[in-house]
file target_21.cif (mmCIF, C-alpha atoms and all ligand atoms)
data_start
#
loop_
_atom_site.label_atom_id
_atom_site.label_comp_id
_atom_site.auth_asym_id
_atom_site.auth_seq_id
_atom_site.Cartn_x
_atom_site.Cartn_y
_atom_site.Cartn_z
CA MET A 1 -35.58 -134.78 152.88
CA ASN A 2 -37.00 -132.95 155.84
CA VAL A 3 -37.13 -129.19 155.13
CA LEU A 4 -37.75 -126.68 157.89
CA VAL A 5 -39.13 -123.37 156.64
CA ILE A 6 -38.64 -120.66 159.26
CA SER A 7 -40.50 -117.41 158.72
CA SER A 8 -40.29 -114.23 160.74
CA SER A 9 -43.12 -111.81 160.03
CA PRO A 10 -46.00 -110.97 162.36
CA ASN A 11 -48.31 -110.99 159.31
CA THR A 12 -49.93 -114.30 158.50
CA ASP A 13 -51.08 -113.32 155.00
CA GLY A 14 -48.41 -110.96 153.69
CA LEU A 15 -45.49 -111.23 151.32
CA THR A 16 -43.30 -113.17 153.75
CA ALA A 17 -46.08 -115.67 154.40
CA ALA A 18 -46.55 -116.18 150.65
CA CYS A 19 -42.81 -116.79 150.23
CA ALA A 20 -42.79 -119.33 153.05
CA ALA A 21 -45.81 -121.10 151.57
CA ALA A 22 -44.07 -121.28 148.19
CA ALA A 23 -41.02 -122.91 149.81
CA VAL A 24 -43.19 -125.50 151.56
CA GLU A 25 -45.05 -126.21 148.33
CA GLY A 26 -41.88 -126.61 146.25
CA ALA A 27 -40.27 -128.94 148.76
CA ARG A 28 -43.39 -131.09 149.00
CA GLN A 29 -43.82 -131.22 145.23
CA ALA A 30 -40.31 -132.68 145.04
CA GLY A 31 -41.25 -135.43 147.49
CA GLY A 32 -39.77 -133.86 150.59
CA GLN A 33 -41.37 -133.24 153.94
CA ALA A 34 -41.74 -129.56 154.74
CA GLU A 35 -43.17 -127.57 157.58
CA GLU A 36 -43.29 -123.85 158.29
CA ILE A 37 -42.42 -122.54 161.72
CA ARG A 38 -43.45 -118.94 162.39
CA LEU A 39 -40.97 -117.32 164.76
CA ASN A 40 -43.51 -114.68 165.72
CA ASP A 41 -45.75 -117.38 167.17
CA LEU A 42 -42.93 -118.45 169.50
CA GLN A 43 -41.18 -116.91 172.45
CA VAL A 44 -37.60 -116.61 171.28
CA GLY A 45 -35.97 -113.74 173.10
CA MET A 46 -32.76 -111.99 172.24
CA CYS A 47 -29.32 -113.23 173.23
CA GLN A 48 -28.41 -112.03 176.73
CA ALA A 49 -24.63 -112.15 176.10
CA CYS A 50 -24.35 -114.00 179.41
CA ASP A 51 -21.42 -113.79 181.80
CA ASN A 52 -18.49 -112.09 180.08
CA GLY A 53 -20.09 -112.43 176.63
CA TRP A 54 -20.21 -116.19 176.33
CA GLY A 55 -22.64 -118.24 178.34
CA THR A 56 -23.16 -121.97 177.86
CA CYS A 57 -23.32 -121.43 174.08
CA ARG A 58 -19.57 -121.73 173.63
CA PRO A 59 -18.63 -124.65 175.92
CA GLU A 60 -21.92 -126.58 175.76
CA HIS A 61 -23.41 -125.41 172.45
CA ALA A 62 -26.70 -124.80 174.22
CA CYS A 63 -28.38 -121.53 175.14
CA GLN A 64 -28.98 -120.95 178.85
CA VAL A 65 -31.83 -118.48 178.25
CA SER A 66 -34.83 -120.74 178.61
CA ASP A 67 -37.71 -120.17 176.19
CA ASP A 68 -38.95 -121.68 172.91
CA PHE A 69 -35.45 -121.51 171.45
CA GLN A 70 -34.37 -124.88 172.84
CA ALA A 71 -37.11 -126.84 171.04
CA LEU A 72 -36.56 -124.87 167.85
CA HIS A 73 -32.82 -125.44 168.05
CA ALA A 74 -33.45 -129.19 168.20
CA ARG A 75 -35.79 -128.98 165.19
CA VAL A 76 -33.17 -127.17 163.13
CA VAL A 77 -30.51 -129.73 163.98
CA GLU A 78 -32.92 -132.56 163.05
CA ALA A 79 -33.81 -131.00 159.69
CA ASP A 80 -31.99 -131.90 156.49
CA ALA A 81 -32.37 -128.43 155.02
CA VAL A 82 -33.56 -125.00 156.10
CA VAL A 83 -35.34 -122.13 154.37
CA LEU A 84 -35.15 -118.86 156.30
CA VAL A 85 -37.68 -116.28 155.14
CA THR A 86 -37.67 -112.78 156.58
CA PRO A 87 -39.35 -109.51 155.80
CA VAL A 88 -36.78 -106.78 155.19
CA TYR A 89 -36.78 -104.28 158.05
CA TYR A 90 -34.39 -101.36 157.58
CA GLY A 91 -32.37 -103.46 155.17
CA GLU A 92 -31.95 -106.21 157.72
CA MET A 93 -33.68 -109.33 158.97
CA SER A 94 -36.70 -108.77 161.19
CA GLU A 95 -36.12 -108.72 164.93
CA SER A 96 -37.55 -112.19 165.46
CA ALA A 97 -35.25 -113.61 162.77
CA LYS A 98 -32.25 -111.85 164.26
CA ALA A 99 -32.98 -113.11 167.78
CA PHE A 100 -33.21 -116.67 166.52
CA ALA A 101 -30.21 -116.38 164.18
CA ASP A 102 -27.98 -114.79 166.82
CA ARG A 103 -28.62 -117.50 169.38
CA LEU A 104 -28.35 -120.37 166.92
CA ARG A 105 -25.08 -119.01 165.57
CA ARG A 106 -23.56 -118.92 169.03
CA CYS A 107 -24.58 -122.52 169.71
CA GLU A 108 -23.77 -124.08 166.35
CA GLY A 109 -21.11 -121.74 164.98
CA THR A 110 -18.93 -122.71 167.95
CA ARG A 111 -19.00 -126.38 166.93
CA GLY A 112 -16.95 -125.87 163.79
CA ASN A 113 -17.45 -128.70 161.34
CA GLU A 114 -19.54 -130.53 163.94
CA SER A 115 -22.24 -127.88 163.59
CA GLY A 116 -25.77 -129.22 163.42
CA LEU A 117 -26.06 -127.35 160.13
CA ALA A 118 -22.75 -128.50 158.66
CA ASP A 119 -23.15 -128.85 154.90
CA LYS A 120 -26.93 -128.63 155.14
CA PRO A 121 -28.40 -126.62 152.28
CA VAL A 122 -29.98 -123.34 153.30
CA ILE A 123 -32.11 -120.99 151.21
CA ALA A 124 -32.41 -117.40 152.43
CA VAL A 125 -35.32 -115.24 151.28
CA ALA A 126 -35.48 -111.49 151.95
CA ALA A 127 -38.95 -110.07 151.27
CA ALA A 128 -38.91 -106.29 150.94
CA GLY A 129 -42.54 -105.32 150.76
CA GLY A 130 -42.10 -101.57 151.14
CA SER A 131 -39.71 -99.43 149.10
CA GLY A 132 -38.02 -102.58 147.87
CA ASN A 133 -34.72 -101.31 149.24
CA GLY A 134 -32.49 -103.37 151.50
CA THR A 135 -32.73 -106.89 150.08
CA VAL A 136 -29.02 -106.99 149.29
CA THR A 137 -27.84 -105.89 152.74
CA CYS A 138 -30.33 -108.27 154.32
CA LEU A 139 -29.18 -111.20 152.20
CA LEU A 140 -25.55 -110.30 152.81
CA ASN A 141 -26.09 -110.78 156.53
CA MET A 142 -28.09 -113.94 155.96
CA GLU A 143 -25.30 -115.34 153.81
CA ARG A 144 -22.76 -114.57 156.54
CA TRP A 145 -25.01 -116.25 159.08
CA ILE A 146 -25.26 -119.41 156.96
CA GLN A 147 -21.48 -119.44 156.65
CA HIS A 148 -21.03 -118.92 160.39
CA VAL A 149 -23.19 -121.95 161.18
CA LYS A 150 -21.33 -123.94 158.49
CA GLY A 151 -24.40 -124.44 156.33
CA ARG A 152 -24.26 -124.52 152.54
CA VAL A 153 -25.70 -121.49 150.81
CA PHE A 154 -28.10 -123.14 148.37
CA ASP A 155 -29.67 -119.88 147.22
CA LEU A 156 -30.22 -116.26 148.24
CA ILE A 157 -33.49 -114.85 146.92
CA PRO A 158 -34.49 -111.18 147.01
CA VAL A 159 -38.20 -110.41 146.67
CA LYS A 160 -39.92 -107.05 146.17
CA ARG A 161 -43.64 -106.27 145.99
CA TRP A 162 -43.50 -105.94 142.23
CA THR A 163 -41.40 -109.08 141.69
CA ARG A 164 -43.70 -111.16 143.88
CA GLU A 165 -45.20 -113.41 141.22
CA HIS A 166 -42.03 -114.52 139.48
CA LYS A 167 -40.10 -114.74 142.76
CA LEU A 168 -42.74 -117.04 144.26
CA THR A 169 -42.08 -119.31 141.30
CA THR A 170 -38.33 -118.99 141.93
CA ILE A 171 -38.73 -119.91 145.62
CA ARG A 172 -40.93 -122.89 144.74
CA GLU A 173 -38.39 -124.11 142.20
CA ALA A 174 -35.42 -123.49 144.49
CA ALA A 175 -37.00 -125.56 147.26
CA HIS A 176 -37.90 -128.23 144.71
CA SER A 177 -34.32 -128.37 143.40
CA MET A 178 -32.89 -128.48 146.91
CA VAL A 179 -34.94 -131.57 147.74
CA ARG A 180 -34.24 -133.21 144.40
CA GLU A 181 -30.53 -132.68 144.85
CA ALA A 182 -30.52 -135.11 147.78
CA PRO A 183 -32.68 -137.96 146.45
CA GLU A 184 -31.20 -140.51 148.82
CA LYS A 185 -32.84 -138.70 151.72
CA ASN A 186 -36.26 -138.28 150.13
CA THR A 187 -37.55 -141.61 151.29
CA ALA A 188 -36.11 -141.42 154.80
C1 LIG A 201 -39.74 -101.67 160.92
C2 LIG A 201 -39.95 -101.94 159.44
C3 LIG A 201 -38.92 -101.64 158.56
C4 LIG A 201 -39.08 -101.88 157.19
N1 LIG A 201 -38.04 -101.67 156.33
C5 LIG A 201 -38.20 -101.95 155.03
C6 LIG A 201 -37.11 -101.79 154.11
O1 LIG A 201 -35.98 -101.45 154.46
N2 LIG A 201 -37.34 -102.07 152.79
C7 LIG A 201 -38.55 -102.47 152.34
O2 LIG A 201 -38.73 -102.68 151.15
N3 LIG A 201 -39.59 -102.66 153.20
C8 LIG A 201 -39.43 -102.42 154.51
N4 LIG A 201 -40.47 -102.65 155.37
C9 LIG A 201 -41.67 -103.33 154.87
C10 LIG A 201 -41.52 -104.84 155.10
O3 LIG A 201 -40.48 -105.36 154.28
C11 LIG A 201 -42.77 -105.62 154.80
O4 LIG A 201 -43.19 -105.44 153.52
C12 LIG A 201 -43.93 -105.27 155.65
O5 LIG A 201 -43.55 -105.25 157.00
C13 LIG A 201 -45.04 -106.34 155.45
O6 LIG A 201 -44.53 -107.59 155.79
P1 LIG A 201 -45.03 -108.97 155.19
O7 LIG A 201 -43.88 -109.54 154.45
O8 LIG A 201 -45.40 -109.78 156.34
O9 LIG A 201 -46.16 -108.71 154.24
C14 LIG A 201 -40.32 -102.40 156.72
C15 LIG A 201 -41.34 -102.70 157.64
C16 LIG A 201 -41.15 -102.48 158.97
C17 LIG A 201 -42.27 -102.85 159.93
#

call {"tool": "encode", "arguments": {"input": "target_21.cif", "output": "C-alpha cells", "more": "lines below"}}
Ligand SMILES: Cc1cc2nc3c(=O)[nH]c(=O)nc-3n(C[C@H](O)[C@H](O)[C@H](O)COP(=O)(O)O)c2cc1C
result
Amino acid sequence: MNVLVISSSPNTDGLTAACAAAAVEGARQAGGQAEEIRLNDLQVGMCQACDNGWGTCRPEHACQVSDDFQALHARVVEADAVVLVTPVYYGEMSESAKAFADRLRRCEGTRGNESGLADKPVIAVAAAGGSGNGTVTCLLNMERWIQHVKGRVFDLIPVKRWTREHKLTTIREAAHSMVREAPEKNTA
C-alpha cells in the first residue's frame, strides 16, 4: 500500500511534524510505502472560484489555477491511502491545508463515485499545540472533506500538547492498521 502523508505546518520540527513522522513510521512498519509531503514547501494557492463559481473543476475535474496543485493532485489520486495532518488554527485546518483541500474537493468531489479517492482510507490528524481547543471543530471539517471526496474515514485523531506521547503511538498504530487492512496491496 502506498500511503501519502500530507502535512500542513510551516514548522519542520513541531507537533504536526512529529505526527506526520509517526504516520510514516507506522505505515512503513506495516510493510507499506509512505512519504510525507509538506504543503508549506509547495506553492498551492487558494481556489479562485473561477468564472461564475465553477471553473474547469466541475466539467473537467482539473484545476485551472496553475501551480504545484496539479502534481500533488496526481499524487493523491495515485496513492492507496492518505493521512492529512494539520495544526489547529482557530479551530480549523491551517491555511495551506484548506487551500489544498478546497481545490481537491472541487476536482474530485464532482466525480461522484469515480472520485480518485473513492473508498480510499483516510486518516485525519488535528494537532492543537496551543490551548488545545479546536480539535473537534477541525476534525469535523476534515471528516466532511473526506466524505465530500468520497474517501473512507479510517480514523480522526485529535492531538494536544499534553497528549502528544500517547497520540503519537495512536497515529503510528492507526497508520499500521490501515496498511495491514489491505494486505493484497502491500506487495504492489
Ligand atoms: C494562527 C494560529 C491559530 C492557532 N489556533 C490554535 C487553536 O485554535 N488551538 C490550539 O490549540 N492551538 C492553536 N494554535 C497553535 C497551533 O495549533 C500549533 O501548535 C502551533 O502553530 C505550532 O505548530 P506545530 O504543530 O507545527 O508545532 C494556533 C496557531 C496559529 C499560528

call {"tool": "residues_near_ligand", "arguments": {"input": "target_21.cif", "ligand": "ligand LIG 201 (chain A)", "cutoff": "10 Å", "atoms": "all atoms listed in the file", "output": "PDB file with C-alpha atoms, keeping the file's coordinate frame"}}
result
ATOM      1  CA  SER A   7     -40.500-117.410 158.720  1.00  0.00           C
ATOM      2  CA  SER A   8     -40.290-114.230 160.740  1.00  0.00           C
ATOM      3  CA  SER A   9     -43.120-111.810 160.030  1.00  0.00           C
ATOM      4  CA  PRO A  10     -46.000-110.970 162.360  1.00  0.00           C
ATOM      5  CA  ASN A  11     -48.310-110.990 159.310  1.00  0.00           C
ATOM      6  CA  THR A  12     -49.930-114.300 158.500  1.00  0.00           C
ATOM      7  CA  ASP A  13     -51.080-113.320 155.000  1.00  0.00           C
ATOM      8  CA  GLY A  14     -48.410-110.960 153.690  1.00  0.00           C
ATOM      9  CA  LEU A  15     -45.490-111.230 151.320  1.00  0.00           C
ATOM     10  CA  THR A  16     -43.300-113.170 153.750  1.00  0.00           C
ATOM     11  CA  ALA A  17     -46.080-115.670 154.400  1.00  0.00           C
ATOM     12  CA  ALA A  18     -46.550-116.180 150.650  1.00  0.00           C
ATOM     13  CA  CYS A  19     -42.810-116.790 150.230  1.00  0.00           C
ATOM     14  CA  ALA A  20     -42.790-119.330 153.050  1.00  0.00           C
ATOM     15  CA  VAL A  85     -37.680-116.280 155.140  1.00  0.00           C
ATOM     16  CA  THR A  86     -37.670-112.780 156.580  1.00  0.00           C
ATOM     17  CA  PRO A  87     -39.350-109.510 155.800  1.00  0.00           C
ATOM     18  CA  VAL A  88     -36.780-106.780 155.190  1.00  0.00           C
ATOM     19  CA  TYR A  89     -36.780-104.280 158.050  1.00  0.00           C
ATOM     20  CA  TYR A  90     -34.390-101.360 157.580  1.00  0.00           C
ATOM     21  CA  GLY A  91     -32.370-103.460 155.170  1.00  0.00           C
ATOM     22  CA  GLU A  92     -31.950-106.210 157.720  1.00  0.00           C
ATOM     23  CA  MET A  93     -33.680-109.330 158.970  1.00  0.00           C
ATOM     24  CA  SER A  94     -36.700-108.770 161.190  1.00  0.00           C
ATOM     25  CA  GLU A  95     -36.120-108.720 164.930  1.00  0.00           C
ATOM     26  CA  ALA A 126     -35.480-111.490 151.950  1.00  0.00           C
ATOM     27  CA  ALA A 127     -38.950-110.070 151.270  1.00  0.00           C
ATOM     28  CA  ALA A 128     -38.910-106.290 150.940  1.00  0.00           C
ATOM     29  CA  GLY A 129     -42.540-105.320 150.760  1.00  0.00           C
ATOM     30  CA  GLY A 130     -42.100-101.570 151.140  1.00  0.00           C
ATOM     31  CA  SER A 131     -39.710 -99.430 149.100  1.00  0.00           C
ATOM     32  CA  GLY A 132     -38.020-102.580 147.870  1.00  0.00           C
ATOM     33  CA  ASN A 133     -34.720-101.310 149.240  1.00  0.00           C
ATOM     34  CA  GLY A 134     -32.490-103.370 151.500  1.00  0.00           C
ATOM     35  CA  THR A 135     -32.730-106.890 150.080  1.00  0.00           C
ATOM     36  CA  THR A 137     -27.840-105.890 152.740  1.00  0.00           C
ATOM     37  CA  CYS A 138     -30.330-108.270 154.320  1.00  0.00           C
ATOM     38  CA  VAL A 159     -38.200-110.410 146.670  1.00  0.00           C
ATOM     39  CA  LYS A 160     -39.920-107.050 146.170  1.00  0.00           C
ATOM     40  CA  ARG A 161     -43.640-106.270 145.990  1.00  0.00           C
TER      41      ARG A 161
END

call {"tool": "axis_aligned_box", "arguments": {"input": "target_21.cif", "around": "range 64-75 of chain A", "padding_each_side": "4 Å", "output": "AutoDock Vina command-line options"}}
result
--center_x -34.0 --center_y -123.8 --center_z 172.0 --size_x 18.0 --size_y 18.7 --size_z 21.7

call {"tool": "closest_atom_pairs", "arguments": {"input": "target_21.cif", "of": "range 136-175 of chain A", "to": "range 111-116 of chain A", "cutoff": "9 Å", "atoms": "all atoms listed in the file", "output": "tab-separated table"}}
result
residue	atom	partner	partner_atom	distance
A:His148	CA	A:Gly112	CA	8.7
A:Val149	CA	A:Ser115	CA	6.5
A:Lys150	CA	A:Ser115	CA	6.5
A:Gly151	CA	A:Ser115	CA	8.3

call {"tool": "atom_distance", "arguments": {"input": "target_21.cif", "atom1": "CA of Met46 in chain A", "atom2": "CA of Val65 in chain A"}}
result
8.9 Å

call {"tool": "closest_residue", "arguments": {"input": "target_21.cif", "among": "A:Val76, A:Leu139, A:Val122, A:Val44", "to": "Ser96 in chain A", "atoms": "only C-alpha atoms"}}
result
A:Val44

call {"tool": "atom_distance", "arguments": {"input": "target_21.cif", "atom1": "CA of Phe69 in chain A", "atom2": "CA of Ala99 in chain A"}}
result
9.5 Å

call {"tool": "atom_distance", "arguments": {"input": "target_21.cif", "atom1": "CA of Ala23 in chain A", "atom2": "CA of Ile171 in chain A"}}
result
5.6 Å

call {"tool": "closest_residue", "arguments": {"input": "target_21.cif", "among": "A:Leu84, A:Leu4, A:Val77, A:Cys107", "to": "Asp119 in chain A", "atoms": "all atoms listed in the file"}}
result
A:Val77

call {"tool": "residues_near_point", "arguments": {"input": "target_21.cif", "point": "(-29.5, -118.6, 172.2)", "cutoff": "6 Å", "atoms": "all atoms listed in the file", "output": "ChimeraX atom specification"}}
result
/A:47,63,103-104

call {"tool": "write_last_selection", "arguments": {"input": "target_21.cif", "atoms": "C-alpha atoms", "output": "PDB file, in the frame of the given file"}}
result
ATOM      1  CA  CYS A  47     -29.320-113.230 173.230  1.00  0.00           C
ATOM      2  CA  CYS A  63     -28.380-121.530 175.140  1.00  0.00           C
ATOM      3  CA  ARG A 103     -28.620-117.500 169.380  1.00  0.00           C
ATOM      4  CA  LEU A 104     -28.350-120.370 166.920  1.00  0.00           C
TER       5      LEU A 104
END

call {"tool": "residues_around", "arguments": {"input": "target_21.cif", "residues": "range 172-181 of chain A", "least_positions_apart": "6", "cutoff": "6 Å", "atoms": "all atoms listed in the file", "output": "PyMOL selection string"}}
result
chain A and resi 22-23+26-27+30

call {"tool": "closest_residue", "arguments": {"input": "target_21.cif", "among": "A:Glu108, A:Asp80, A:Asp155, A:Asp102", "to": "Gln48 in chain A", "atoms": "all atoms listed in the file"}}
result
A:Asp102

call {"tool": "closest_residue", "arguments": {"input": "target_21.cif", "among": "A:Glu78, A:Cys57, A:Asn52, A:Val125", "to": "Lys167 in chain A", "atoms": "all atoms listed in the file"}}
result
A:Val125

call {"tool": "closest_residue", "arguments": {"input": "target_21.cif", "among": "A:Glu25, A:Ile6, A:Ala62, A:Trp54", "to": "Arg38 in chain A", "atoms": "only C-alpha atoms"}}
result
A:Ile6

call {"tool": "closest_residue", "arguments": {"input": "target_21.cif", "among": "A:Leu140, A:Leu39, A:Ile123, A:Ala118", "to": "Ala97 in chain A", "atoms": "all atoms listed in the file"}}
result
A:Leu39

call {"tool": "build_atoms", "arguments": {"input": "target_21.cif", "residues": "range 28-45 of chain A", "atoms": "N, CA and C atoms", "output": "short mmCIF file (atom, residue, chain, number, x, y, z; two decimals), in the frame of the given file"}}
result
data_model
loop_
_atom_site.label_atom_id
_atom_site.label_comp_id
_atom_site.auth_asym_id
_atom_site.auth_seq_id
_atom_site.Cartn_x
_atom_site.Cartn_y
_atom_site.Cartn_z
N ARG A 28 -42.46 -129.95 149.00
CA ARG A 28 -43.39 -131.09 149.00
C ARG A 28 -43.59 -131.64 147.60
N GLN A 29 -43.65 -130.76 146.61
CA GLN A 29 -43.82 -131.22 145.23
C GLN A 29 -42.65 -132.11 144.80
N ALA A 30 -41.49 -131.88 145.39
CA ALA A 30 -40.31 -132.68 145.04
C ALA A 30 -40.24 -133.98 145.85
N GLY A 31 -41.22 -134.20 146.71
CA GLY A 31 -41.25 -135.43 147.49
C GLY A 31 -40.68 -135.29 148.88
N GLY A 32 -40.32 -134.08 149.26
CA GLY A 32 -39.77 -133.86 150.59
C GLY A 32 -40.87 -133.62 151.61
N GLN A 33 -40.46 -133.64 152.86
CA GLN A 33 -41.37 -133.24 153.94
C GLN A 33 -41.02 -131.81 154.28
N ALA A 34 -42.03 -130.97 154.46
CA ALA A 34 -41.74 -129.56 154.74
C ALA A 34 -42.77 -129.01 155.70
N GLU A 35 -42.28 -128.20 156.61
CA GLU A 35 -43.17 -127.57 157.58
C GLU A 35 -42.69 -126.15 157.83
N GLU A 36 -43.65 -125.23 157.97
CA GLU A 36 -43.29 -123.85 158.29
C GLU A 36 -43.38 -123.64 159.81
N ILE A 37 -42.38 -123.00 160.33
CA ILE A 37 -42.42 -122.54 161.72
C ILE A 37 -42.38 -121.02 161.70
N ARG A 38 -43.38 -120.41 162.34
CA ARG A 38 -43.45 -118.94 162.39
C ARG A 38 -42.80 -118.45 163.69
N LEU A 39 -41.68 -117.78 163.56
CA LEU A 39 -40.97 -117.32 164.76
C LEU A 39 -41.83 -116.40 165.61
N ASN A 40 -42.71 -115.63 164.95
CA ASN A 40 -43.51 -114.68 165.72
C ASN A 40 -44.61 -115.33 166.53
N ASP A 41 -44.81 -116.63 166.32
CA ASP A 41 -45.75 -117.38 167.17
C ASP A 41 -45.04 -117.96 168.39
N LEU A 42 -43.73 -117.85 168.41
CA LEU A 42 -42.93 -118.45 169.50
C LEU A 42 -42.37 -117.37 170.41
N GLN A 43 -41.91 -117.80 171.55
CA GLN A 43 -41.18 -116.91 172.45
C GLN A 43 -39.70 -117.22 172.29
N VAL A 44 -39.05 -116.46 171.45
CA VAL A 44 -37.60 -116.61 171.28
C VAL A 44 -37.00 -115.22 171.52
N GLY A 45 -36.50 -115.04 172.73
CA GLY A 45 -35.97 -113.74 173.10
C GLY A 45 -34.58 -113.51 172.55
#
